[in-house]
Amino acid sequence: MIKSIGILLIAAAILWIEVPPLLEKKYKKELLVFSILLAIGVGLSITLGFEKPIPNPLDLLTIIFKPLDDVISHLLK
Amino acid sequence: MIRDVKINSYQFLVLVILFTIGTSILTVPSALATDAKQDAWLAAIFGTGIGLLVIWLFITIALWFPNLTYVQLLEKLFGKWVGKAFSALFVLMSLIYASELLYYFGLFLNIHMMPSTPMVVLSILLAGVMVMGVRLGLETFARTAEILIVVFFVIFFILVAFISPEMKFENIQPVYEMGTKKIVQSSIFYVVVSSVDAVVLLMIFPSFINKMKQVKKSFLLGNLIGGIVIIVITFLSVSVFGVEKTAGEIYPSYELTKRINIGNFVQRIEGLMASLWVITLYFKTTLYFYASVLGMAQILNLKDYRPLTLPLGMIAVVLSLVIYPNVMYQQHWDSTTGNSLTLSIGLFLPLLMVVVYAIRKRTKKKEIEINE
């Protein structure tokens, strides 16, 4: 619980730093991308804070690059 | 806003040196000694040679369109959608590597210096400095690099001078036992870590540099100097420890500095080695992170990349805790999929770009001829 409150506080600080200048300059697209990324970041951090497993992106890459991997390791033998 | 950033060729040289040394200074000696045995230092020499060829390829590509970054170049050559897909993979790669280096930093300090501090705290510390560097901009951290390179080389020469009495030449004999083929094969890992990874430097080269003529030289020279540092460290590790111990350690050069003992007075100065490594690692992480943030901003056609730094920094910290469950997984991943990922973005993609560029140039010429 304490962890997620801390993460939310950090997110609030980030919002406080970033959003006013963006609103002032009317950068709408930047604001949208920023909010999506921040939402992903906060979501992942809180999931990690509750010690729930997060799928590892490297496992996906391992599956994608398996054929190339086999070729390279064959060449190196 | 992004446009008016410019650094000079000396600052770029310093960044290339620090990037090339990067993580290699701690991890490469053991990786080379595992396969090439006592010829590890020869493998480092071969690796530097191959690396220079790769850098030459990068320079050739970058100088076709001197005002574009790598992401814009991909979009220009492959068209909008395919280019953006490749760029997305590039951004993903640099973000993953930035968090990988955060993990390295956390792991190293956790094992050797601060065992009771949780790793997440150490990752957040480095990520904070990294985000700060990227937010302040390329010029600022290039100037920081200019200052810290002096510190780096002073400490480096002190360490080399102090460790040289411990060298035993029996450890590197017989020289050239493994044969050319084996040595070149084992140097591939080093080439990937030091030179092929330098593809992220194409995000600042050549579009953010003010004098074009010298900068070509400083890219090659920086890679060469970085390579020499790695060769020296590998040579020292193998000649002081022998093959077995070098290959068995995760951080042989750190263990190396623990051996230093000058007249029972200068002892246990391995903290200096750790600070060397933290300096180079910081710049490598920042360059990766800078490439990913700037790349993402350019894919989405944003006017400013700064708003993305803090959220992406947060994601990078989470990734650094998630991507490697343990050291075994890390070692295996680095030597298999990590290699293929880097090679496909940093070597095969540029080669494909050369082919596409040649074809496009030819068709364009034909069109002109027909029109005439």
# chains A, B, ... in the order shown; residues from 1 in each chain; ligands from 1
>>> interface_residues(of="chain A", to="chain B", cutoff="6 Å", atoms="only C-alpha atoms", output="list in words")
Phe34, Leu37, Leu38, Gly41, Asn56, Thr62, Asp69 and Leu76 of chain A
>>> select_by_dssp(residues="segment 93-225 of chain B", states="alpha helix (DSSP H)", output="PyMOL selection string")
chain B and resi 93-112+119-136+138-163+180-194+212-225
>>> residues_around(residues="Pro21 of chain A", least_positions_apart="3", cutoff="12 Å", atoms="only C-alpha atoms", output="ChimeraX atom specification")
/A:15-18,24-28,30-31 /B:304,306-307
>>> residues_around(residues="Leu287 of chain B", least_positions_apart="5", cutoff="8 Å", atoms="only C-alpha atoms", output="MDAnalysis selection string")
chainID B and resid 19 200:201
>>> write_last_selection(atoms="C-alpha atoms", output="CSV table (one decimal), in the first residue's frame")
chain,number,residue,atom,x,y,z
B,19,PHE,CA,30.4,4.9,-25.2
B,200,VAL,CA,22.5,4.7,-31.3
B,201,LEU,CA,25.2,7.4,-31.8
>>> residues_around(residues="Gly133 of chain B", least_positions_apart="5", cutoff="9 Å", atoms="only C-alpha atoms", output="ChimeraX atom specification")
/B:128,138,140-141,286,290
>>> select_by_dssp(residues="segment 158-274 of chain B", states="strand (DSSP E)", output="list in words")
Asn261, Ile262, Val266 and Gln267 of chain B
>>> write_last_selection(atoms="C-alpha atoms", output="compact mmCIF listing (two decimals), in the first residue's frame")
# COMPACT_ATOMS: atom_id res chain seq x y z
CA ASN B 261 49.72 -3.82 -3.56
CA ILE B 262 52.56 -1.32 -3.76
CA VAL B 266 48.72 1.34 -1.77
CA GLN B 267 46.11 -1.37 -1.34
>>> atom_distance(atom1="atom CA of Ser195 of chain B", atom2="atom CA of Ser87 of chain B")
19.3 Å
>>> atom_distance(atom1="atom CA of Thr144 of chain B", atom2="atom CA of Leu15 of chain B")
9.8 Å
>>> closest_residue(among="B:Ile269, B:Val278, B:Ile25, B:Leu92", to="Leu126 of chain B", atoms="only C-alpha atoms")
B:Val278
>>> closest_residue(among="B:Gln72, B:Ser253, B:Ser30, B:Gln38", to="Phe86 of chain B", atoms="only C-alpha atoms")
B:Gln72
>>> atom_distance(atom1="atom CA of Phe189 of chain B", atom2="atom CA of Val54 of chain B")
13.7 Å
>>> closest_residue(among="B:Gly22, B:Gly226, B:Pro165, B:Gly263", to="Val240 of chain B", atoms="only C-alpha atoms")
B:Pro165
>>> residues_around(residues="Ile172 of chain B", least_positions_apart="2", cutoff="8 Å", atoms="only C-alpha atoms", output="ChimeraX atom specification")
/B:38-39,168-170,174-175,238-239,242
>>> closest_residue(among="B:Lys216, B:Gln173, B:Phe46, B:Val160", to="Ala62 of chain B", atoms="only C-alpha atoms")
B:Lys216
>>> residues_around(residues="Pro252 of chain B", least_positions_apart="5", cutoff="12 Å", atoms="only C-alpha atoms", output="PyMOL selection string")
chain B and resi 24-34+233-247+257-259+270+273-274
>>> write_last_selection(atoms="N, CA and C atoms", output="compact mmCIF listing (two decimals), in the first residue's frame")
# COMPACT_ATOMS: atom_id res chain seq x y z
N SER B 24 31.95 -2.50 -21.40
CA SER B 24 32.94 -3.49 -21.80
C SER B 24 34.09 -3.59 -20.81
N ILE B 25 34.44 -2.47 -20.18
CA ILE B 25 35.62 -2.46 -19.32
C ILE B 25 35.51 -3.47 -18.19
N LEU B 26 34.30 -3.73 -17.71
CA LEU B 26 34.18 -4.74 -16.65
C LEU B 26 33.87 -6.13 -17.18
N THR B 27 33.03 -6.22 -18.22
CA THR B 27 32.49 -7.54 -18.55
C THR B 27 33.21 -8.23 -19.70
N VAL B 28 33.81 -7.46 -20.62
CA VAL B 28 34.35 -8.10 -21.81
C VAL B 28 35.52 -9.06 -21.56
N PRO B 29 36.48 -8.74 -20.64
CA PRO B 29 37.59 -9.67 -20.47
C PRO B 29 37.14 -11.10 -20.18
N SER B 30 36.14 -11.28 -19.33
CA SER B 30 35.75 -12.66 -19.02
C SER B 30 35.06 -13.30 -20.21
N ALA B 31 34.25 -12.51 -20.95
CA ALA B 31 33.58 -13.08 -22.12
C ALA B 31 34.59 -13.52 -23.16
N LEU B 32 35.66 -12.71 -23.34
CA LEU B 32 36.66 -13.09 -24.34
C LEU B 32 37.48 -14.28 -23.87
N ALA B 33 37.83 -14.29 -22.56
CA ALA B 33 38.69 -15.35 -22.06
C ALA B 33 37.97 -16.70 -22.06
N THR B 34 36.62 -16.69 -22.01
CA THR B 34 35.90 -17.95 -22.01
C THR B 34 36.16 -18.72 -23.30
N ILE B 233 43.02 -3.56 -20.81
CA ILE B 233 42.39 -4.19 -19.66
C ILE B 233 42.34 -5.71 -19.82
N THR B 234 42.02 -6.17 -21.04
CA THR B 234 41.96 -7.61 -21.27
C THR B 234 43.33 -8.24 -21.10
N PHE B 235 44.33 -7.57 -21.66
CA PHE B 235 45.69 -8.09 -21.55
C PHE B 235 46.11 -8.20 -20.09
N LEU B 236 45.82 -7.15 -19.32
CA LEU B 236 46.20 -7.17 -17.89
C LEU B 236 45.45 -8.28 -17.16
N SER B 237 44.13 -8.41 -17.42
CA SER B 237 43.37 -9.45 -16.70
C SER B 237 43.95 -10.81 -16.96
N VAL B 238 44.19 -11.12 -18.25
CA VAL B 238 44.66 -12.46 -18.58
C VAL B 238 46.07 -12.67 -18.05
N SER B 239 46.94 -11.65 -18.16
CA SER B 239 48.32 -11.89 -17.76
C SER B 239 48.48 -11.89 -16.24
N VAL B 240 47.58 -11.25 -15.51
CA VAL B 240 47.71 -11.30 -14.05
C VAL B 240 47.02 -12.55 -13.48
N PHE B 241 45.81 -12.83 -13.97
CA PHE B 241 45.01 -13.90 -13.36
C PHE B 241 45.20 -15.25 -14.02
N GLY B 242 45.58 -15.26 -15.29
CA GLY B 242 45.51 -16.51 -16.04
C GLY B 242 44.11 -16.69 -16.58
N VAL B 243 43.97 -17.70 -17.46
CA VAL B 243 42.71 -17.85 -18.18
C VAL B 243 41.56 -18.26 -17.27
N GLU B 244 41.82 -19.26 -16.42
CA GLU B 244 40.72 -19.86 -15.66
C GLU B 244 40.00 -18.82 -14.81
N LYS B 245 40.78 -18.03 -14.09
CA LYS B 245 40.16 -17.10 -13.16
C LYS B 245 39.48 -15.95 -13.91
N THR B 246 40.11 -15.49 -15.02
CA THR B 246 39.49 -14.42 -15.79
C THR B 246 38.14 -14.86 -16.32
N ALA B 247 38.10 -16.10 -16.85
CA ALA B 247 36.84 -16.57 -17.43
C ALA B 247 35.80 -16.82 -16.34
N THR B 257 41.98 -4.97 -9.77
CA THR B 257 42.47 -3.85 -8.97
C THR B 257 42.54 -4.20 -7.49
N LYS B 258 41.85 -5.27 -7.09
CA LYS B 258 42.01 -5.70 -5.69
C LYS B 258 43.40 -6.26 -5.43
N ARG B 259 44.06 -6.73 -6.52
CA ARG B 259 45.39 -7.31 -6.38
C ARG B 259 46.47 -6.26 -6.12
N GLU B 270 40.14 -0.66 -5.35
CA GLU B 270 39.19 -1.07 -6.39
C GLU B 270 38.03 -0.10 -6.52
N MET B 273 38.39 1.74 -9.66
CA MET B 273 37.91 1.01 -10.83
C MET B 273 36.40 1.14 -10.93
N ALA B 274 35.72 1.01 -9.78
CA ALA B 274 34.26 1.13 -9.80
C ALA B 274 33.84 2.50 -10.27
